[in-house]
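**Student:** What follows is final_2.cif, made up of mmCIF, C-alpha atoms:
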```cif
data_structure
#
loop_
_atom_site.label_atom_id
_atom_site.label_comp_id
_atom_site.auth_asym_id
_atom_site.auth_seq_id
_atom_site.Cartn_x
_atom_site.Cartn_y
_atom_site.Cartn_z
CA MET A 128 -15.36 -38.65 20.73
CA ALA A 129 -16.33 -36.50 17.76
CA ARG A 130 -19.36 -34.34 18.29
CA GLN A 131 -22.52 -34.70 16.17
CA VAL A 132 -24.73 -32.30 14.22
CA SER A 133 -27.07 -30.09 16.24
CA ALA A 134 -30.65 -31.26 16.87
CA LYS A 135 -31.80 -28.37 14.67
CA GLY A 136 -29.58 -29.49 11.79
CA ALA A 137 -30.60 -33.14 12.07
CA ALA A 138 -34.31 -32.22 12.10
CA TRP A 139 -33.93 -29.92 9.10
CA PHE A 140 -32.12 -32.60 7.13
CA GLN A 141 -34.80 -35.20 7.84
CA ASP A 142 -37.56 -32.76 6.93
CA ALA A 143 -35.91 -31.78 3.62
CA ARG A 144 -36.34 -35.20 1.97
CA PHE A 145 -35.19 -34.15 -1.54
CA GLY A 146 -31.90 -32.74 -2.79
CA MET A 147 -29.81 -32.26 -5.92
CA PHE A 148 -26.39 -33.91 -6.30
CA ILE A 149 -23.98 -32.42 -8.87
CA HIS A 150 -20.82 -34.07 -10.23
CA TRP A 151 -18.92 -31.51 -12.30
CA GLY A 152 -15.24 -31.09 -13.04
CA LEU A 153 -12.49 -31.47 -15.65
CA TYR A 154 -13.81 -34.95 -16.48
CA SER A 155 -16.93 -33.42 -18.03
CA ILE A 156 -14.75 -32.23 -20.94
CA LEU A 157 -14.02 -35.84 -21.91
CA ALA A 158 -17.75 -36.71 -21.60
CA LYS A 159 -16.99 -40.21 -20.34
CA GLU A 160 -18.01 -39.96 -16.66
CA GLU A 161 -16.08 -38.89 -13.57
CA TRP A 162 -13.74 -41.90 -13.27
CA ILE A 163 -12.21 -41.48 -16.75
CA MET A 164 -8.77 -40.47 -15.45
CA HIS A 165 -8.56 -43.86 -13.71
CA THR A 166 -10.45 -46.07 -16.17
CA GLY A 167 -8.73 -44.46 -19.15
CA ARG A 168 -5.32 -44.70 -17.46
CA ILE A 169 -4.62 -41.06 -18.26
CA PRO A 170 -1.26 -39.91 -16.83
CA VAL A 171 -1.29 -36.82 -14.62
CA PRO A 172 0.58 -34.61 -17.17
CA GLU A 173 -1.96 -35.49 -19.88
CA TYR A 174 -4.95 -34.98 -17.65
CA GLU A 175 -3.60 -31.61 -16.49
CA LYS A 176 -3.94 -30.33 -20.07
CA LEU A 177 -7.70 -30.23 -19.51
CA VAL A 178 -7.19 -27.22 -17.24
CA GLY A 179 -6.57 -25.03 -20.29
CA GLN A 180 -9.78 -26.27 -21.90
CA PHE A 181 -12.21 -25.70 -19.03
CA ASN A 182 -14.35 -22.67 -19.88
CA PRO A 183 -18.07 -23.31 -19.15
CA THR A 184 -19.36 -20.07 -20.63
CA ARG A 185 -22.99 -21.20 -20.31
CA PHE A 186 -22.79 -21.80 -16.57
CA ASN A 187 -25.46 -19.83 -14.73
CA ALA A 188 -25.62 -20.44 -10.99
CA ASP A 189 -29.04 -18.80 -10.75
CA GLU A 190 -30.48 -21.20 -13.33
CA TRP A 191 -29.15 -24.21 -11.39
CA ALA A 192 -30.53 -22.94 -8.08
CA ARG A 193 -33.86 -22.05 -9.67
CA LEU A 194 -34.10 -25.51 -11.22
CA ALA A 195 -33.50 -27.14 -7.83
CA ALA A 196 -36.21 -24.94 -6.31
CA ASP A 197 -38.61 -25.73 -9.17
CA ALA A 198 -37.95 -29.44 -8.62
CA GLY A 199 -38.82 -29.11 -4.93
CA GLN A 200 -35.25 -29.88 -3.87
CA LYS A 201 -34.35 -28.33 -0.53
CA TYR A 202 -30.59 -28.68 -0.78
CA MET A 203 -27.79 -29.07 -3.31
CA VAL A 204 -24.50 -30.99 -2.93
CA ILE A 205 -21.75 -30.26 -5.48
CA THR A 206 -18.30 -31.74 -5.94
CA SER A 207 -15.73 -29.33 -4.52
CA ARG A 208 -12.98 -31.79 -5.46
CA HIS A 209 -13.47 -35.23 -6.97
CA HIS A 210 -10.99 -38.12 -7.18
CA ASP A 211 -9.06 -36.43 -10.00
CA GLY A 212 -7.85 -33.88 -7.43
CA PHE A 213 -9.05 -30.78 -9.29
CA SER A 214 -10.63 -28.19 -7.00
CA MET A 215 -13.83 -26.60 -8.30
CA TYR A 216 -13.44 -23.52 -6.11
CA ASP A 217 -10.82 -20.89 -5.35
CA THR A 218 -8.84 -22.82 -2.77
CA ALA A 219 -5.72 -21.24 -1.31
CA LEU A 220 -4.15 -24.67 -0.83
CA SER A 221 -3.60 -25.68 -4.46
CA ASP A 222 -2.96 -24.12 -7.85
CA TYR A 223 -4.82 -27.03 -9.47
CA LYS A 224 -8.17 -25.24 -9.36
CA VAL A 225 -10.98 -23.76 -11.39
CA THR A 226 -9.87 -20.15 -11.01
CA ASN A 227 -6.67 -21.02 -12.92
CA THR A 228 -8.65 -22.14 -15.98
CA PRO A 229 -9.86 -19.84 -18.78
CA PHE A 230 -13.15 -19.66 -16.81
CA ARG A 231 -11.37 -18.00 -13.85
CA ARG A 232 -14.53 -17.78 -11.72
CA ASP A 233 -15.48 -19.61 -8.50
CA PRO A 234 -18.73 -21.49 -9.32
CA LEU A 235 -19.20 -22.56 -5.70
CA ARG A 236 -19.29 -18.95 -4.53
CA GLU A 237 -21.81 -18.09 -7.24
CA LEU A 238 -23.92 -21.10 -6.27
CA ALA A 239 -23.82 -20.13 -2.59
CA GLU A 240 -25.26 -16.72 -3.48
CA SER A 241 -27.88 -18.10 -5.87
CA CYS A 242 -28.97 -20.93 -3.58
CA ALA A 243 -29.51 -18.42 -0.76
CA ARG A 244 -31.76 -16.35 -3.06
CA HIS A 245 -33.87 -19.37 -3.99
CA GLY A 246 -34.15 -20.96 -0.55
CA VAL A 247 -31.95 -23.95 -1.37
CA LYS A 248 -29.19 -24.94 1.07
CA LEU A 249 -25.75 -25.70 -0.36
CA GLY A 250 -23.51 -28.60 0.69
CA PHE A 251 -20.18 -29.90 -0.55
CA TYR A 252 -18.81 -33.25 -1.72
CA SER A 253 -15.13 -33.73 -0.89
CA SER A 254 -13.02 -36.64 -2.11
CA LEU A 255 -10.86 -38.42 0.44
CA LEU A 256 -8.64 -39.88 -2.25
CA ASP A 257 -6.73 -37.79 -4.77
CA TRP A 258 -5.13 -39.10 -7.97
CA HIS A 259 -3.21 -35.85 -8.44
CA HIS A 260 -1.88 -34.72 -5.06
CA PRO A 261 1.80 -35.75 -4.68
CA ALA A 262 1.42 -36.56 -0.97
CA TYR A 263 -1.39 -38.98 -1.78
CA ARG A 264 -0.28 -40.66 -4.99
CA PHE A 265 3.47 -40.06 -5.26
CA ARG A 266 4.73 -39.93 -1.69
CA GLN A 267 7.92 -41.88 -2.34
CA GLU A 268 8.93 -39.74 -5.33
CA SER A 269 7.81 -36.44 -3.82
CA GLY A 270 9.39 -36.91 -0.41
CA LEU A 271 6.14 -35.82 1.21
CA ALA A 272 4.49 -37.60 4.14
CA TRP A 273 0.96 -38.90 4.46
CA SER A 274 0.39 -36.23 7.10
CA ASP A 275 0.96 -33.61 4.37
CA TYR A 276 -2.03 -34.93 2.47
CA VAL A 277 -4.22 -35.13 5.57
CA ALA A 278 -3.34 -31.51 6.38
CA PHE A 279 -4.37 -30.53 2.83
CA LEU A 280 -7.66 -32.42 3.10
CA HIS A 281 -8.54 -30.89 6.47
CA GLY A 282 -7.48 -27.47 5.26
CA GLN A 283 -9.80 -27.62 2.27
CA VAL A 284 -12.71 -28.73 4.45
CA ARG A 285 -11.99 -25.77 6.73
CA GLU A 286 -12.16 -23.46 3.71
CA LEU A 287 -15.51 -24.92 2.68
CA CYS A 288 -16.85 -24.48 6.21
CA THR A 289 -15.75 -20.85 6.55
CA GLN A 290 -15.99 -19.19 3.13
CA TYR A 291 -19.47 -20.01 1.80
CA GLY A 292 -21.88 -19.12 4.57
CA GLU A 293 -24.13 -21.64 6.29
CA ILE A 294 -23.90 -25.03 4.58
CA ALA A 295 -26.15 -28.08 4.58
CA CYS A 296 -23.59 -30.87 4.70
CA LEU A 297 -20.14 -32.27 4.04
CA TRP A 298 -20.35 -35.39 1.87
CA PHE A 299 -17.18 -37.52 1.82
CA ASP A 300 -16.25 -40.24 -0.65
CA GLY A 301 -13.21 -42.35 -1.43
CA ASP A 302 -12.38 -44.07 1.86
CA TRP A 303 -12.62 -47.57 0.41
CA PRO A 304 -9.25 -48.17 -1.31
CA ALA A 305 -6.41 -49.49 0.86
CA HIS A 306 -4.22 -46.69 2.18
CA PRO A 307 -0.68 -47.69 3.20
CA TYR A 308 0.37 -45.91 6.38
CA ASP A 309 2.27 -46.67 9.55
CA GLU A 310 -0.25 -47.92 12.11
CA THR A 311 2.38 -47.66 14.86
CA ASN A 312 2.39 -43.89 14.44
CA ALA A 313 0.32 -42.20 17.15
CA TYR A 314 -0.93 -39.70 14.54
CA PHE A 315 -2.89 -42.44 12.81
CA ARG A 316 -3.85 -44.38 15.92
CA ALA A 317 -5.64 -41.25 17.15
CA GLY A 318 -8.29 -41.43 14.44
CA GLY A 319 -7.30 -43.48 11.42
CA ALA A 320 -5.70 -42.49 8.16
CA PHE A 321 -7.90 -39.47 7.55
CA GLN A 322 -8.11 -38.36 11.21
CA TYR A 323 -11.91 -38.50 11.21
CA ASP A 324 -12.31 -37.51 14.85
CA ALA A 325 -10.52 -34.23 14.27
CA LEU A 326 -12.13 -33.69 10.86
CA TYR A 327 -15.69 -34.20 12.06
CA ASP A 328 -15.12 -32.20 15.23
CA MET A 329 -13.90 -29.28 13.12
CA ILE A 330 -16.97 -29.42 10.87
CA HIS A 331 -19.41 -29.60 13.76
CA THR A 332 -17.64 -26.71 15.50
CA LEU A 333 -17.59 -24.43 12.45
CA GLN A 334 -20.95 -25.54 11.02
CA PRO A 335 -23.01 -26.98 13.92
CA ASP A 336 -26.14 -27.41 11.78
CA ALA A 337 -24.38 -29.20 8.89
CA VAL A 338 -24.60 -32.99 8.68
CA VAL A 339 -21.64 -35.25 7.87
CA LEU A 340 -22.01 -38.24 5.56
CA ASN A 341 -19.16 -40.56 4.57
CA ASN A 342 -19.81 -42.86 1.64
CA HIS A 343 -17.57 -45.67 2.91
CA HIS A 344 -20.18 -48.40 2.45
CA GLN A 345 -20.28 -49.48 6.07
CA SER A 346 -22.11 -48.53 9.26
CA PRO A 347 -21.57 -44.87 10.23
CA LEU A 348 -18.63 -44.04 12.47
CA PRO A 349 -18.72 -41.65 15.46
CA GLY A 350 -19.19 -38.10 14.22
CA GLU A 351 -21.08 -39.15 11.09
CA ASP A 352 -24.68 -37.95 11.11
CA VAL A 353 -26.25 -39.70 8.11
CA GLN A 354 -26.14 -43.23 6.73
CA GLY A 355 -25.89 -43.20 2.95
CA TYR A 356 -27.07 -45.61 0.27
CA GLU A 357 -25.53 -45.46 -3.21
CA GLN A 358 -27.86 -46.35 -6.09
CA ASP A 359 -29.89 -48.33 -3.57
CA LEU A 360 -32.81 -48.08 -1.16
CA PRO A 361 -32.44 -49.03 2.52
CA GLY A 362 -32.87 -52.77 2.82
CA ALA A 363 -33.03 -53.35 -0.94
CA ASN A 364 -29.62 -55.09 -0.98
CA THR A 365 -29.21 -54.60 -4.73
CA ALA A 366 -25.82 -52.92 -4.43
CA GLY A 367 -24.57 -55.21 -1.66
CA TRP A 368 -23.81 -52.68 1.05
CA ASN A 369 -25.46 -50.64 3.81
CA THR A 370 -28.54 -52.87 3.94
CA THR A 371 -29.33 -52.36 7.64
CA PRO A 372 -30.06 -48.78 8.74
CA ALA A 373 -28.20 -47.67 11.85
CA SER A 374 -30.52 -46.96 14.76
CA GLY A 375 -31.61 -43.36 15.09
CA LEU A 376 -29.61 -41.81 12.25
CA PRO A 377 -31.15 -40.00 9.27
CA LEU A 378 -30.76 -41.84 5.95
CA GLU A 379 -30.02 -40.68 2.41
CA VAL A 380 -30.34 -42.40 -0.98
CA GLY A 381 -27.88 -41.07 -3.58
CA MET A 382 -28.86 -41.98 -7.14
CA THR A 383 -28.05 -40.94 -10.70
CA LEU A 384 -30.68 -39.61 -13.10
CA ASN A 385 -29.13 -41.76 -15.84
CA ASP A 386 -26.34 -44.32 -15.34
CA HIS A 387 -23.38 -42.06 -14.52
CA TRP A 388 -22.52 -39.40 -11.96
CA GLY A 389 -20.42 -37.18 -14.22
CA TYR A 390 -21.46 -36.10 -17.72
CA SER A 391 -21.36 -38.99 -20.18
CA ALA A 392 -22.34 -38.18 -23.75
CA GLY A 393 -23.04 -41.84 -24.53
CA ASP A 394 -25.55 -42.40 -21.73
CA PRO A 395 -29.20 -41.90 -22.81
CA ASN A 396 -30.68 -44.08 -20.02
CA HIS A 397 -32.54 -41.25 -18.30
CA LYS A 398 -35.01 -42.27 -15.59
CA THR A 399 -38.61 -41.30 -16.20
CA THR A 400 -40.45 -38.76 -14.09
CA ARG A 401 -42.63 -41.60 -12.81
CA ARG A 402 -39.60 -43.60 -11.69
CA LEU A 403 -38.06 -40.61 -9.93
CA ILE A 404 -41.27 -39.89 -8.02
CA HIS A 405 -41.48 -43.55 -7.02
CA VAL A 406 -37.90 -43.51 -5.70
CA LEU A 407 -38.67 -40.32 -3.80
CA ALA A 408 -41.77 -41.90 -2.25
CA ARG A 409 -39.98 -45.16 -1.41
CA SER A 410 -37.03 -43.27 0.07
CA ALA A 411 -39.30 -41.14 2.26
CA SER A 412 -41.26 -44.23 3.29
CA ALA A 413 -38.00 -45.70 4.65
CA GLY A 414 -37.17 -42.45 6.44
CA ALA A 415 -34.55 -41.46 3.86
CA ASN A 416 -33.82 -38.37 1.79
CA PHE A 417 -33.43 -38.71 -1.98
CA LEU A 418 -30.29 -37.03 -3.35
CA LEU A 419 -30.72 -37.10 -7.13
CA ASN A 420 -27.62 -36.52 -9.26
CA VAL A 421 -27.13 -34.58 -12.47
CA GLY A 422 -23.88 -34.28 -14.43
CA PRO A 423 -23.58 -30.87 -16.13
CA THR A 424 -21.90 -30.52 -19.52
CA PRO A 425 -18.45 -28.97 -19.99
CA GLN A 426 -20.28 -25.83 -21.15
CA GLY A 427 -21.92 -25.62 -17.72
CA GLU A 428 -25.45 -26.67 -18.58
CA ILE A 429 -27.67 -29.23 -16.90
CA LEU A 430 -29.04 -31.45 -19.66
CA PRO A 431 -32.47 -30.23 -20.85
CA ILE A 432 -33.96 -33.70 -20.43
CA HIS A 433 -32.74 -33.79 -16.83
CA ALA A 434 -34.21 -30.35 -16.18
CA GLU A 435 -37.51 -31.54 -17.67
CA ARG A 436 -37.63 -34.63 -15.45
CA LEU A 437 -36.75 -32.60 -12.37
CA ARG A 438 -39.50 -30.08 -13.04
CA GLY A 439 -41.89 -32.99 -13.51
CA VAL A 440 -41.11 -34.15 -9.97
CA GLY A 441 -41.56 -30.57 -8.77
CA ALA A 442 -44.99 -30.33 -10.38
CA TRP A 443 -46.11 -33.49 -8.56
CA LEU A 444 -44.70 -32.16 -5.28
CA LYS A 445 -46.71 -28.93 -5.54
CA THR A 446 -49.84 -31.02 -4.97
CA ASN A 447 -48.41 -33.77 -2.78
CA ASN A 448 -45.62 -32.13 -0.77
CA GLU A 449 -47.43 -32.74 2.52
CA ALA A 450 -46.81 -36.48 2.05
CA VAL A 451 -43.05 -35.98 1.61
CA TYR A 452 -41.56 -32.97 3.42
CA GLY A 453 -41.39 -33.25 7.18
CA THR A 454 -42.61 -36.84 7.18
CA ARG A 455 -41.01 -39.83 8.83
CA ALA A 456 -40.81 -43.51 7.88
CA GLY A 457 -44.16 -45.17 7.37
CA VAL A 458 -45.48 -47.72 9.85
CA ILE A 459 -47.66 -49.47 7.25
CA PRO A 460 -45.62 -52.34 5.75
CA PRO A 461 -44.55 -51.50 2.17
CA SER A 462 -45.69 -53.60 -0.78
CA GLU A 463 -44.81 -53.73 -4.45
CA GLY A 464 -47.67 -51.40 -5.23
CA ALA A 465 -47.78 -49.01 -2.28
CA VAL A 466 -45.67 -47.43 0.45
CA SER A 467 -46.48 -44.98 3.22
CA THR A 468 -45.11 -41.99 5.06
CA ARG A 469 -46.44 -40.42 8.23
CA ARG A 470 -46.73 -37.15 10.07
CA GLY A 471 -47.99 -37.64 13.62
CA ASP A 472 -51.24 -39.64 13.44
CA THR A 473 -51.72 -38.97 9.71
CA HIS A 474 -50.54 -41.73 7.40
CA TYR A 475 -49.97 -41.04 3.70
CA LEU A 476 -50.44 -44.03 1.41
CA HIS A 477 -48.57 -43.67 -1.87
CA ILE A 478 -50.33 -45.84 -4.46
CA LEU A 479 -47.68 -46.54 -7.09
CA ASP A 480 -49.29 -49.28 -9.19
CA GLU A 481 -52.74 -49.42 -10.75
CA VAL A 482 -53.83 -53.06 -10.82
CA SER A 483 -57.46 -52.38 -10.00
CA ASP A 484 -59.70 -49.77 -8.36
CA CYS A 485 -59.24 -51.47 -4.97
CA VAL A 486 -56.13 -51.20 -2.85
CA ILE A 487 -55.68 -53.61 0.06
CA VAL A 488 -53.82 -52.05 2.99
CA ARG A 489 -52.35 -54.51 5.46
CA GLY A 490 -51.02 -53.44 8.82
CA ALA A 491 -52.67 -50.01 9.01
CA PRO A 492 -52.95 -48.55 12.52
CA GLU A 493 -56.27 -49.28 14.24
CA THR A 494 -56.79 -45.55 14.71
CA VAL A 495 -57.47 -45.07 10.97
CA THR A 496 -61.19 -44.53 10.37
CA ARG A 497 -61.37 -42.48 7.17
CA ALA A 498 -59.44 -41.65 4.03
CA VAL A 499 -59.22 -38.67 1.66
CA LEU A 500 -57.33 -37.92 -1.53
CA LEU A 501 -54.49 -35.58 -0.69
CA ALA A 502 -54.82 -33.79 -4.04
CA ASP A 503 -58.31 -32.40 -3.43
CA GLY A 504 -59.50 -33.62 -0.03
CA ALA A 505 -62.27 -35.73 -1.59
CA PRO A 506 -63.31 -38.72 0.54
CA VAL A 507 -62.11 -42.19 -0.42
CA GLU A 508 -64.34 -45.21 0.15
CA ILE A 509 -62.84 -47.31 2.93
CA GLU A 510 -63.91 -50.75 4.17
CA GLN A 511 -62.59 -52.86 7.04
CA ARG A 512 -62.10 -56.52 6.11
CA GLY A 513 -60.75 -58.32 9.10
CA SER A 514 -57.39 -56.72 9.87
CA ASP A 515 -57.12 -55.20 6.39
CA LEU A 516 -58.41 -51.95 4.95
CA VAL A 517 -59.75 -51.85 1.40
CA LEU A 518 -59.65 -48.50 -0.36
CA THR A 519 -61.58 -47.89 -3.56
CA VAL A 520 -59.97 -45.29 -5.80
CA PRO A 521 -61.39 -45.33 -9.36
CA GLU A 522 -58.95 -44.87 -12.22
CA ALA A 523 -60.38 -41.46 -13.07
CA ARG A 524 -59.35 -40.16 -9.63
CA ARG A 525 -55.79 -41.51 -9.79
CA ASP A 526 -52.62 -39.47 -10.24
CA ARG A 527 -50.64 -40.79 -13.22
CA TYR A 528 -47.46 -40.99 -11.12
CA ASP A 529 -48.35 -41.53 -7.47
CA THR A 530 -51.81 -41.26 -5.96
CA VAL A 531 -51.59 -40.17 -2.32
CA VAL A 532 -54.36 -41.05 0.11
CA ALA A 533 -54.30 -39.53 3.59
CA LEU A 534 -55.44 -42.06 6.20
CA LEU A 535 -56.91 -40.30 9.23
#
```
Reformat the file's structure so that it appears as C-alpha cells.

**Tutor:**
Amino acid sequence: MARQVSAKGAAWFQDARFGMFIHWGLYSILAKEEWIMHTGRIPVPEYEKLVGQFNPTRFNADEWARLAADAGQKYMVITSRHHDGFSMYDTALSDYKVTNTPFRRDPLRELAESCARHGVKLGFYSSLLDWHHPAYRFRQESGLAWSDYVAFLHGQVRELCTQYGEIACLWFDGDWPAHPYDETNAYFRAGGAFQYDALYDMIHTLQPDAVVLNNHHQSPLPGEDVQGYEQDLPGANTAGWNTTPASGLPLEVGMTLNDHWGYSAGDPNHKTTRRLIHVLARSASAGANFLLNVGPTPQGEILPIHAERLRGVGAWLKTNNEAVYGTRAGVIPPSEGAVSTRRGDTHYLHILDEVSDCVIVRGAPETVTRAVLLADGAPVEIEQRGSDLVLTVPEARRDRYDTVVALL
C-alpha cells in the first residue's frame, strides 16, 4: 500500500486555499493552446523545430513569484513536462529540454529560488502520456518496451523531488487514454501501467510533506492525497466527473483564467475579478483549494490582464483573508447568493449577490448570536425568524465583490 502525505503537509495544503497553475512550453510559440500538437496533427519532426525558436527573453521568475504573492496565492504548480513531451527543466534523462533551446536556462530552478524568497511553495505538473517519447508513442518502431517509458517517467519525478528543494505537490495528468500493455506481466499487475504504488511511495519518501494529485477524473487511488476537479466545483456536475468528494481527502478546483490552459492568442474570454473571487469563495466553502491557471506567452510574460485580475483578488484577500485561509467547508447550506466557510465556532458568510439589504440565512448553527462585518468589525443587524437568521447589510456597507459577515 502506497504511503500518504504527512499530516503536516495535508494540513498546510488545506490551509493554503489559493494557488497559481502555469501551463508553459513549446506550444506557447504557436499561440493555439497546449494541445496543438495533437489537434493540429503536427508530426514529431515538425514540432521539434520549435525547440530552436524557444527563447523567452522576458521571463522573470521573480516577477512571477511576486505576482503570485500579490494575488494571495500560497503555492504555484508549473508544467515540468506536458503531453508534447518537452521538458521545461534541465533533466538528465532527455535531450528534448529547455536547456537545449536558445534560452538555455532552467526556469524551474529560477522559480524555486524566487518562490522561496516570496513565501510561495512550488509544485510540479508531470504528464503521464508523452506524444514524443519513443517508448510511449513508437514502441513497435523503436524496439523499446513500455517499462522503458515508465522508468523515464519515474526518473523524472525523482529529479523533481530531489533537485528543487521542498515542494508543495506533484500534479499528474494524462492517465485517461487507453494504454496497451500486457496485463499478464507481473510488472503491470503490481501497480498498473504507470506503477502508481511505487511512484507515490517514492514521492512520499523523498518529499513527505508534498501532496499527490492525479487528474484521472475518478475517485482517488491509494497514495493520492487530493481529489481534483477540472473546470468544475465539487458537486456542480457541469463537467461530468468527480462529482462526489471522497471522504476525508482535501479537494482542489483547477480552472483557467480564460478558456485555455496554454497561451492562446485568440482567447479574450478572461474571467472578471468578481467571478474569480466568487469561485475562490465557493471552492473554500466546499473545502477545496482554488488552483487558477495562467498561460504565459512565448516571450515569458504573464498576460497583463491576467496579472491585473490576480492582483484584484489579492486586494480583496488583504481585507478578507481570515474567511479563506485556514478555513474548512461551511456547515451553512450554500445558496445561489451566499456560501460560508468556518474556522472553529466562527462562520464566515460570503454574500455574493445583492438582491436587497436583507440576507436570509437558513441552517445556521444555533450557537450564532451576533454578526459583524469582517472588513471593519462593525456590527450587523441580526434577527431570528423561526429557524432562519435575517441579516441586514445596507448597500453602502457592501463589498463590490464579496461581502463577508462573521457569524459568532

**Student:** Report the distance between atom CA of A:Ala456 and atom CA of A:Gly504 in Å, rounded to one decimal place.

**Tutor:**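 Computed distance, atom CA of A:Ala456 to atom CA of A:Gly504, equals 22.6 Å.
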
**Student:** What lies within 10 Å of stretch 134-143 of chain A using only C-alpha atoms, ignoring chain neighbours under 5 positions off, as a list in words?

**Tutor:**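 Answer for this query is Gly199, Gln200, Lys201, Tyr202, Lys248, Ala295, Cys296, Gln334, Pro335, Asp336, Ala337, Val338, Asp352, Val353, Leu376, Pro377, Leu378, Glu379, Ala411, Gly414, Ala415, Asn416, Phe417, Val451, Tyr452, Gly453, Thr454 and Arg455 of chain A.
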
**Student:** Determine the residue set returned by the PyMOL selection byres ((chain A and resi 151-155) around 7) for the present structure, and present it as a ChimeraX atom specification.

**Tutor:** /A:149-150,156-158,160-161,163,177-178,181,206,215,389-390,422-425

**Student:** Starting from the shown file, work through the PyMOL selection byres ((chain A and resi 171) around 12) and note down what comes out as a PyMOL selection string.

**Tutor:** chain A and resi 164-165+167-170+172-178+211-213+223+257-261+264-265

**Student:** The PyMOL selection byres ((chain A and resi 327) around 9) - which residues does that actually catch in the file I just gave you? List them as an mmCIF file with C-alpha atoms, in the frame of the given file.

**Tutor:**
```
data_model
loop_
_atom_site.group_PDB
_atom_site.id
_atom_site.type_symbol
_atom_site.label_atom_id
_atom_site.label_comp_id
_atom_site.auth_asym_id
_atom_site.auth_seq_id
_atom_site.Cartn_x
_atom_site.Cartn_y
_atom_site.Cartn_z
ATOM 1 C CA ALA A 129 -16.330 -36.500 17.760
ATOM 2 C CA ARG A 130 -19.360 -34.340 18.290
ATOM 3 C CA GLN A 131 -22.520 -34.700 16.170
ATOM 4 C CA GLN A 322 -8.110 -38.360 11.210
ATOM 5 C CA TYR A 323 -11.910 -38.500 11.210
ATOM 6 C CA ASP A 324 -12.310 -37.510 14.850
ATOM 7 C CA ALA A 325 -10.520 -34.230 14.270
ATOM 8 C CA LEU A 326 -12.130 -33.690 10.860
ATOM 9 C CA ASP A 328 -15.120 -32.200 15.230
ATOM 10 C CA MET A 329 -13.900 -29.280 13.120
ATOM 11 C CA ILE A 330 -16.970 -29.420 10.870
ATOM 12 C CA HIS A 331 -19.410 -29.600 13.760
ATOM 13 C CA THR A 332 -17.640 -26.710 15.500
ATOM 14 C CA VAL A 339 -21.640 -35.250 7.870
ATOM 15 C CA PRO A 349 -18.720 -41.650 15.460
ATOM 16 C CA GLY A 350 -19.190 -38.100 14.220
ATOM 17 C CA GLU A 351 -21.080 -39.150 11.090
#
```

**Student:** Which is closer to A:Val380 than all the others in A:Pro461, A:Pro506, A:Gly362, A:Gly513, using only C-alpha atoms?

**Tutor:** A:Gly362

**Student:** Excluding stretch 233-238 of chain A and residues on its chain fewer than 5 positions from it, collect all residues at most 6 Å away from it, counting all atoms listed in the file, and give them as a list in words.

**Tutor:** Ala188, Tyr216 and Asp217 of chain A

**Student:** So how many Å separate atom CA of A:Asn341 and atom CA of A:His281, to one decimal?

**Tutor:**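 Atom-to-atom, atom CA of A:Asn341 to atom CA of A:His281, that is 14.5 Å.
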
**Student:** Ranking A:Glu293, A:Asp484, A:Asp503, A:Asp300 by minimum distance to A:Val517 and counting all atoms listed in the file, which one comes first?

**Tutor:**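 With all atoms listed in the file as the atom set, the closest residue is A:Asp484.
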
**Student:** May I have the residues at most 12 Å from (-46.4, -32.0, -6.4) in the file's coordinates, counting all atoms listed in the file, as a count of residues only?

**Tutor:** 32

**Student:** Please measure the separation of atom CA of A:His343 and atom CA of A:Phe299, giving the value in Å to one decimal.

**Tutor:**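 For atom CA of A:His343 relative to atom CA of A:Phe299, the distance reads 8.2 Å.
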
**Student:** Please list as number ranges by chain every residue within 6 Å of A:Ile205, counting only C-alpha atoms and excluding residues in the same chain fewer than 6 positions away.

**Tutor:** A: 148-149, 251-252

**Student:** Print the selection's residues with C-alpha atoms to a file, as a PDB file, in the frame of the given file.

**Tutor:**
```pdb
ATOM      1  CA  PHE A 148     -26.390 -33.910  -6.300  1.00  0.00           C
ATOM      2  CA  ILE A 149     -23.980 -32.420  -8.870  1.00  0.00           C
ATOM      3  CA  PHE A 251     -20.180 -29.900  -0.550  1.00  0.00           C
ATOM      4  CA  TYR A 252     -18.810 -33.250  -1.720  1.00  0.00           C
TER       5      TYR A 252
END
```

**Student:** Taking (-56.9, -51.6, 1.9) in the file's own coordinates, collect the residues within 9 Å, counting all atoms listed in the file, and hand them back as a PyMOL selection string.

**Tutor:** chain A and resi 485-489+491+509-512+515-519

**Student:** Closest to A:Asn182 among A:Gly427, A:Ser253, A:Gly355, A:Arg524, using only C-alpha atoms?

**Tutor:** A:Gly427

**Student:** With only C-alpha atoms as the basis for distance, which of A:Gly381, A:Arg244, A:Arg193, A:Pro183 is at the shortest distance from A:Arg232?

**Tutor:** A:Pro183

**Student:** Using all atoms listed in the file for the distances, tell me which of A:Ala195, A:Leu430, A:Val499, A:Gly146 is nearest to A:Ser391.

**Tutor:**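 Of A:Ala195, A:Leu430, A:Val499, A:Gly146, the one nearest A:Ser391 is A:Leu430, counting all atoms listed in the file.
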
**Student:** Go through A:Cys242, A:Gly179, A:Leu418, A:Gln267 one by one, measure the shortest atom-to-atom distance of each to A:Val225 using all atoms listed in the file, and give the residue with the smallest value.

**Tutor:**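 Using all atoms listed in the file, the shortest distance to A:Val225 belongs to A:Gly179.
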